[in-house]
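> Below you'll find my_file.tsv; it's TSV, C-alpha atoms.
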chain	number	residue	atom	x	y	z
A	132	MET	CA	-0.92	5.39	23.95
A	133	LEU	CA	1.24	5.94	20.88
A	134	LYS	CA	0.84	9.38	19.32
A	135	THR	CA	0.19	9.16	15.60
A	136	TYR	CA	-0.02	11.82	12.92
A	137	ALA	CA	-2.16	12.55	9.89
A	138	VAL	CA	-1.72	14.70	6.83
A	139	VAL	CA	-4.61	17.03	6.12
A	140	VAL	CA	-4.78	18.10	2.48
A	141	THR	CA	-7.05	21.10	1.85
A	142	PRO	CA	-7.76	21.98	-1.78
A	143	GLN	CA	-9.89	24.91	-2.88
A	144	ASP	CA	-12.66	23.00	-4.64
A	145	HIS	CA	-12.79	19.67	-2.72
A	146	PRO	CA	-13.39	18.71	0.89
A	147	PRO	CA	-10.21	18.12	2.89
A	148	ALA	CA	-8.56	14.71	2.61
A	149	LEU	CA	-7.18	12.97	5.67
A	150	ILE	CA	-4.24	10.64	5.08
A	151	GLY	CA	-2.65	8.50	7.76
A	152	PRO	CA	-1.91	7.49	10.33
A	153	PHE	CA	1.84	8.00	10.43
A	154	ILE	CA	3.90	6.86	13.40
A	155	ALA	CA	6.80	9.24	12.72
A	156	GLU	CA	6.06	12.94	12.47
A	157	THR	CA	8.97	13.41	10.04
A	158	ASN	CA	7.39	10.91	7.61
A	159	ALA	CA	4.10	12.79	7.80
A	160	GLU	CA	5.88	16.10	7.17
A	161	ARG	CA	7.71	14.72	4.12
A	162	TYR	CA	4.44	13.26	2.81
A	163	ALA	CA	2.59	16.56	3.36
A	164	GLU	CA	5.27	18.53	1.54
A	165	ARG	CA	5.28	16.18	-1.45
A	166	ILE	CA	1.52	15.84	-1.84
A	167	GLY	CA	0.83	19.54	-1.29
A	168	SER	CA	3.32	20.67	-3.92
A	169	PHE	CA	2.26	17.98	-6.40
A	170	GLU	CA	-1.48	18.64	-6.08
A	171	SER	CA	-0.86	22.42	-6.34
A	172	ARG	CA	0.91	21.86	-9.67
A	173	ARG	CA	-1.68	19.35	-10.89
A	174	THR	CA	-4.74	21.45	-10.07
A	175	ASN	CA	-3.13	24.83	-10.81
A	176	SER	CA	-4.44	26.13	-7.49
A	177	LYS	CA	-3.09	26.41	-3.98
A	178	VAL	CA	-3.36	23.14	-2.07
A	179	ASP	CA	-2.29	23.22	1.56
A	180	ALA	CA	-1.08	20.09	3.29
A	181	PHE	CA	-0.15	20.04	6.94
A	182	VAL	CA	0.47	17.58	9.73
A	183	ALA	CA	-1.99	17.13	12.60
A	184	THR	CA	-2.41	14.64	15.39
A	185	ALA	CA	-4.38	11.63	14.17
A	186	HIS	CA	-7.64	10.85	15.88
A	187	PRO	CA	-8.36	7.12	16.26
A	188	ARG	CA	-12.06	7.42	15.39
A	189	ARG	CA	-11.55	9.18	12.07
A	190	GLU	CA	-11.27	7.46	8.75
A	191	TYR	CA	-8.10	8.10	6.78
A	192	LEU	CA	-6.80	7.29	3.35
A	193	ASP	CA	-3.92	4.87	3.71
A	194	PRO	CA	-0.60	6.58	2.93
A	195	ARG	CA	0.82	3.28	1.67
A	196	LEU	CA	-0.41	2.33	-1.77
A	197	PRO	CA	0.56	-1.06	-3.19
A	198	THR	CA	3.44	-0.83	-5.63
A	199	ASP	CA	3.12	-4.17	-7.37
A	200	PRO	CA	1.94	-3.60	-10.96
A	201	TRP	CA	-1.14	-5.81	-10.80
A	202	THR	CA	-2.70	-4.38	-7.63
A	203	LEU	CA	-1.79	-0.78	-8.44
A	204	GLY	CA	-3.15	-1.25	-11.97
A	205	LYS	CA	-6.49	-2.39	-10.52
A	206	LEU	CA	-6.64	0.71	-8.31
A	207	ILE	CA	-5.86	2.94	-11.28
A	208	ALA	CA	-8.62	1.28	-13.32
A	209	GLU	CA	-11.10	1.74	-10.45
A	210	GLU	CA	-10.21	5.42	-10.18
A	211	GLU	CA	-10.68	5.87	-13.94
A	212	ASP	CA	-14.02	4.03	-13.82
A	213	GLN	CA	-15.35	6.44	-11.19
A	214	GLY	CA	-15.23	9.10	-13.87
A	215	HIS	CA	-14.67	12.06	-11.57
A	216	ASP	CA	-11.52	13.82	-10.53
A	217	ALA	CA	-10.50	12.05	-7.32
A	218	PHE	CA	-8.70	14.06	-4.73
A	219	PRO	CA	-5.98	13.45	-3.98
A	220	CYS	CA	-5.37	11.41	-7.09
A	221	LEU	CA	-3.60	8.06	-6.86
A	222	TYR	CA	-0.57	9.39	-8.68
A	223	ALA	CA	-0.20	12.23	-6.14
A	224	ARG	CA	-0.46	9.76	-3.27
A	225	LEU	CA	2.10	7.46	-4.89
A	226	TYR	CA	4.36	10.46	-5.52
A	227	ALA	CA	4.08	11.47	-1.86
A	228	GLN	CA	4.82	7.91	-0.78
A	229	LEU	CA	7.77	7.14	-3.05
A	230	GLY	CA	9.17	10.46	-4.20
A	231	GLY	CA	9.67	11.58	-7.77
A	232	ASN	CA	12.46	9.23	-8.80
A	233	ILE	CA	10.54	5.98	-8.45
A	234	THR	CA	6.93	7.03	-9.01
A	235	ASP	CA	7.10	7.24	-12.82
A	236	LYS	CA	8.63	3.80	-13.11
A	237	VAL	CA	6.11	2.15	-10.75
A	238	TRP	CA	3.18	3.93	-12.44
A	239	SER	CA	4.42	3.02	-15.92
A	240	ARG	CA	4.68	-0.65	-15.02
A	241	ALA	CA	1.16	-0.63	-13.54
A	242	THR	CA	-0.38	1.05	-16.57
A	243	GLY	CA	1.65	-0.91	-19.12
A	244	TRP	CA	3.33	2.19	-20.55
A	245	GLU	CA	6.84	1.17	-19.62
A	246	GLY	CA	7.38	-0.47	-22.97
A	247	ASN	CA	7.51	-3.91	-21.43
A	248	GLU	CA	5.50	-6.45	-23.39
A	249	ASN	CA	4.28	-8.08	-20.19
A	250	SER	CA	1.62	-6.49	-18.07
A	251	GLY	CA	1.84	-6.66	-14.31
A	252	ARG	CA	-0.51	-9.64	-14.35
A	253	GLU	CA	1.71	-11.56	-16.76
A	254	ASP	CA	4.75	-10.90	-14.55
A	255	LEU	CA	2.83	-12.13	-11.51
A	256	LEU	CA	1.63	-15.23	-13.36
A	257	ALA	CA	5.18	-16.04	-14.45
A	258	SER	CA	6.40	-15.56	-10.89
A	259	ALA	CA	3.64	-17.81	-9.55
A	260	GLU	CA	4.60	-20.50	-12.07
A	261	ASP	CA	8.24	-20.31	-10.95
A	262	TRP	CA	7.28	-20.63	-7.28
A	263	ARG	CA	4.87	-23.46	-7.98
A	264	THR	CA	7.56	-25.35	-9.87
A	265	GLN	CA	9.97	-24.85	-6.98
A	266	ARG	CA	7.34	-25.98	-4.49
A	267	LEU	CA	6.59	-29.13	-6.50
A	268	GLY	CA	10.29	-29.94	-6.71
A	269	ALA	CA	10.71	-29.40	-2.98
A	270	ALA	CA	7.68	-31.58	-2.19
A	271	ARG	CA	9.08	-34.43	-4.30
A	272	ALA	CA	12.46	-34.15	-2.60
A	273	LEU	CA	10.87	-34.14	0.87
A	274	LYS	CA	8.87	-37.25	0.02
A	275	ARG	CA	12.05	-39.06	-1.08
A	276	ILE	CA	13.74	-37.94	2.13
A	277	ALA	CA	10.84	-39.30	4.19
A	278	VAL	CA	11.31	-42.77	2.66
A	279	GLU	CA	15.09	-42.61	3.14
A	280	LEU	CA	14.68	-41.57	6.78
A	281	TRP	CA	12.38	-44.53	7.39
A	282	ASN	CA	14.83	-46.90	5.71
A	283	ASP	CA	17.64	-45.37	7.77
A	284	GLY	CA	15.92	-46.34	10.99
A	285	MET	CA	13.72	-43.37	11.82
A	286	ASN	CA	10.64	-45.54	12.15
A	287	ASN	CA	8.31	-42.98	13.68
A	288	VAL	CA	5.92	-41.18	11.34
A	289	GLN	CA	5.56	-38.22	13.72
A	290	ASP	CA	9.35	-37.68	13.77
A	291	ILE	CA	9.51	-37.83	9.98
A	292	ARG	CA	6.57	-35.43	9.76
A	293	ARG	CA	8.32	-32.91	12.03
A	294	VAL	CA	11.59	-33.11	10.10
A	295	THR	CA	10.11	-32.86	6.60
A	296	GLY	CA	7.09	-30.65	7.25
A	297	LEU	CA	4.89	-33.09	5.35
A	298	SER	CA	1.48	-33.98	6.74
A	299	ARG	CA	1.04	-37.27	8.56
A	300	THR	CA	-1.27	-38.47	5.79
A	301	THR	CA	1.32	-37.64	3.13
A	302	VAL	CA	4.07	-39.48	5.03
A	303	TYR	CA	1.85	-42.58	5.27
A	304	GLU	CA	1.00	-42.38	1.55
A	305	VAL	CA	4.65	-41.99	0.53
A	306	LEU	CA	5.79	-44.87	2.71
A	307	ARG	CA	3.02	-47.16	1.43
A	308	ALA	CA	3.84	-46.20	-2.16
A	309	ALA	CA	7.43	-47.28	-1.45
A	310	GLY	CA	6.20	-50.68	-0.26
A	311	ILE	CA	6.55	-49.87	3.44
A	312	ASP	CA	3.69	-50.49	5.86
A	313	PRO	CA	4.33	-47.95	8.64
A	314	ALA	CA	1.54	-49.38	10.81
A	315	THR	CA	3.39	-52.68	11.35
A	316	ARG	CA	6.70	-51.04	12.29
A	317	ASP	CA	4.97	-48.51	14.56
A	318	SER	CA	3.26	-51.35	16.42
A	319	GLU	CA	6.56	-53.29	16.76
A	320	GLN	CA	8.14	-50.48	18.78
Is it possible to give me this structure as structure tokens?

Amino acid sequence: MLKTYAVVVTPQDHPPALIGPFIAETNAERYAERIGSFESRRTNSKVDAFVATAHPRREYLDPRLPTDPWTLGKLIAEEEDQGHDAFPCLYARLYAQLGGNITDKVWSRATGWEGNENSGREDLLASAEDWRTQRLGAARALKRIAVELWNDGMNNVQDIRRVTGLSRTTVYEVLRAAGIDPATRDSEQ
């Protein structure tokens, strides 16, 4: 069985936090060093963080927080809504995950403090619109290709379906819309 590791964070005024599992001990050590030093500075008290062997039956905080602005922003809002000082805080966990250089930028985008007019949600919506437009364009092109393949002699709907990735129903609809009755040609073969 694969040996995994956990980071145990022990503050003075909170119960210990268990974070993991980590597959590489070096990753756990780096995480423990970052979160221990950050939480010590944040709480102005000694916070120890050390690496231990993870136990499969224990519950752990996931060391990997999402970094996309929308999802991270929702987690931040949930933490603020709880109204109490969470330990370890999301920022400390993100700092331990990413390091100091990137954390501020990711956090700023998630909270909308980066100076960007768009929130994370607006960026995601714009991205979704771009992908949807690309998908619609690709679907139209594949439908045209299906008709051209039929006209070029590939008179088997299943073969066209495999090549284009379109559903059988869609291939039939496209061919019929182009004035082709695939049922008569299929039966001729």
> Counting all atoms listed in the file, write as JSON, numbers by chain all protein and nucleic acid residues lying at most 8 Å from (-2.7, 19.4, 4.4) in the file's frame.
{"A": [138, 139, 140, 141, 147, 148, 149, 163, 167, 178, 179, 180, 181, 182]}
> One decimal, Å: what's the distance from CA of Arg165 in chain A over to CA of Ala217 in chain A, could you say?
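Between these atoms lies a distance of 17.3 Å.
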> Could you list, as a ChimeraX atom specification, every residue within 7 Å of Arg292 in chain A, counting only C-alpha atoms and ignoring same-chain residues fewer than 6 positions away?
/A:298-299,302
> Interatomic distance between CA of Tyr136 in chain A and CA of Leu192 in chain A?
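For CA of Tyr136 in chain A relative to CA of Leu192 in chain A, the distance reads 12.6 Å.
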> Calculate how many Å separate CA of Ala241 in chain A from CA of Glu210 in chain A, rounding to one decimal.
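Distance reported for this atom pair: 13.3 Å.
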> Using only C-alpha atoms, which residue out of A:Thr157, A:Arg240, A:Ile150, A:Arg224 lies closest to Asp199 in chain A?
A:Arg240
> Between A:Val305, A:Val288, A:Leu256, A:Leu133, single out the one closest to Lys274 in chain A, counting only C-alpha atoms.
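Smallest distance to Lys274 in chain A is found for A:Val305.
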> Between A:Cys220, A:Ala208, A:Leu225, A:Ala270, which residue has the minimum interatomic distance to Pro194 in chain A, considering all atoms listed in the file?
A:Leu225
> Determine the nearest neighbour of Arg161 in chain A from the options A:Leu203, A:Ala227, A:Ala272, A:Leu221, counting all atoms listed in the file.
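Of A:Leu203, A:Ala227, A:Ala272, A:Leu221, the one nearest Arg161 in chain A, counting all atoms listed in the file, is A:Ala227.
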> Calculated over only C-alpha atoms, which of the candidates A:Glu190, A:Asp235, A:Asp144, A:Glu260 has the smallest distance to Pro219 in chain A?
A:Asp144
> Counting all atoms listed in the file, which of A:Glu304, A:Asp312, A:Glu279, A:Glu160 gets nearest to Gln228 in chain A?
A:Glu160
> If I only have part of range 263-274 of chain A, can you fill in all heavy atoms and write it as a short mmCIF file (atom, residue, chain, number, x, y, z; two decimals), in the coordinates of the input?

data_model
loop_
_atom_site.label_atom_id
_atom_site.label_comp_id
_atom_site.auth_asym_id
_atom_site.auth_seq_id
_atom_site.Cartn_x
_atom_site.Cartn_y
_atom_site.Cartn_z
N ARG A 263 5.57 -22.18 -8.01
CA ARG A 263 4.87 -23.46 -7.98
C ARG A 263 5.79 -24.60 -8.39
O ARG A 263 5.81 -25.66 -7.78
CB ARG A 263 3.64 -23.42 -8.88
CG ARG A 263 2.74 -24.63 -8.68
CD ARG A 263 1.51 -24.60 -9.52
NE ARG A 263 1.94 -24.87 -10.89
CZ ARG A 263 1.39 -24.33 -11.96
NH1 ARG A 263 0.39 -23.50 -11.86
NH2 ARG A 263 1.82 -24.62 -13.16
N THR A 264 6.61 -24.35 -9.42
CA THR A 264 7.56 -25.35 -9.87
C THR A 264 8.56 -25.67 -8.77
O THR A 264 8.88 -26.83 -8.52
CB THR A 264 8.30 -24.86 -11.13
OG1 THR A 264 7.34 -24.58 -12.15
CG2 THR A 264 9.28 -25.88 -11.64
N GLN A 265 9.04 -24.63 -8.08
CA GLN A 265 9.97 -24.85 -6.98
C GLN A 265 9.31 -25.63 -5.85
O GLN A 265 9.92 -26.52 -5.26
CB GLN A 265 10.48 -23.51 -6.44
CG GLN A 265 11.41 -22.80 -7.39
CD GLN A 265 11.86 -21.46 -6.83
OE1 GLN A 265 11.98 -21.30 -5.64
NE2 GLN A 265 12.09 -20.50 -7.71
N ARG A 266 8.05 -25.29 -5.55
CA ARG A 266 7.34 -25.98 -4.49
C ARG A 266 7.15 -27.45 -4.83
O ARG A 266 7.33 -28.33 -3.99
CB ARG A 266 5.98 -25.32 -4.25
CG ARG A 266 5.23 -25.94 -3.07
CD ARG A 266 3.86 -25.38 -2.91
NE ARG A 266 3.04 -25.85 -4.01
CZ ARG A 266 1.93 -25.28 -4.41
NH1 ARG A 266 1.48 -24.21 -3.83
NH2 ARG A 266 1.24 -25.77 -5.42
N LEU A 267 6.78 -27.74 -6.10
CA LEU A 267 6.59 -29.13 -6.50
C LEU A 267 7.90 -29.91 -6.39
O LEU A 267 7.91 -31.05 -5.94
CB LEU A 267 6.01 -29.20 -7.91
CG LEU A 267 4.58 -28.71 -8.08
CD1 LEU A 267 4.19 -28.68 -9.54
CD2 LEU A 267 3.62 -29.57 -7.28
N GLY A 268 8.99 -29.29 -6.81
CA GLY A 268 10.29 -29.94 -6.71
C GLY A 268 10.67 -30.20 -5.26
O GLY A 268 11.20 -31.27 -4.92
N ALA A 269 10.40 -29.24 -4.40
CA ALA A 269 10.71 -29.40 -2.98
C ALA A 269 9.84 -30.50 -2.37
O ALA A 269 10.33 -31.30 -1.56
CB ALA A 269 10.50 -28.08 -2.25
N ALA A 270 8.58 -30.55 -2.74
CA ALA A 270 7.68 -31.58 -2.19
C ALA A 270 8.16 -32.97 -2.60
O ALA A 270 8.18 -33.89 -1.78
CB ALA A 270 6.25 -31.34 -2.67
N ARG A 271 8.58 -33.13 -3.85
CA ARG A 271 9.08 -34.43 -4.30
C ARG A 271 10.32 -34.83 -3.52
O ARG A 271 10.47 -35.97 -3.09
CB ARG A 271 9.37 -34.40 -5.80
CG ARG A 271 8.15 -34.48 -6.66
CD ARG A 271 8.51 -34.65 -8.13
NE ARG A 271 7.50 -33.99 -8.91
CZ ARG A 271 7.66 -32.86 -9.60
NH1 ARG A 271 8.83 -32.27 -9.64
NH2 ARG A 271 6.66 -32.33 -10.26
N ALA A 272 11.22 -33.88 -3.34
CA ALA A 272 12.46 -34.15 -2.60
C ALA A 272 12.16 -34.54 -1.16
O ALA A 272 12.75 -35.48 -0.61
CB ALA A 272 13.38 -32.94 -2.65
N LEU A 273 11.22 -33.83 -0.51
CA LEU A 273 10.87 -34.14 0.87
C LEU A 273 10.23 -35.53 0.99
O LEU A 273 10.45 -36.23 1.97
CB LEU A 273 9.94 -33.07 1.44
CG LEU A 273 10.61 -31.72 1.72
CD1 LEU A 273 9.57 -30.66 2.00
CD2 LEU A 273 11.59 -31.85 2.87
N LYS A 274 9.47 -35.92 -0.01
CA LYS A 274 8.87 -37.25 0.02
C LYS A 274 9.95 -38.33 -0.10
O LYS A 274 9.89 -39.36 0.59
CB LYS A 274 7.83 -37.39 -1.10
CG LYS A 274 6.58 -36.58 -0.85
CD LYS A 274 5.64 -36.63 -2.04
CE LYS A 274 4.40 -35.77 -1.79
NZ LYS A 274 3.50 -35.77 -2.96
#
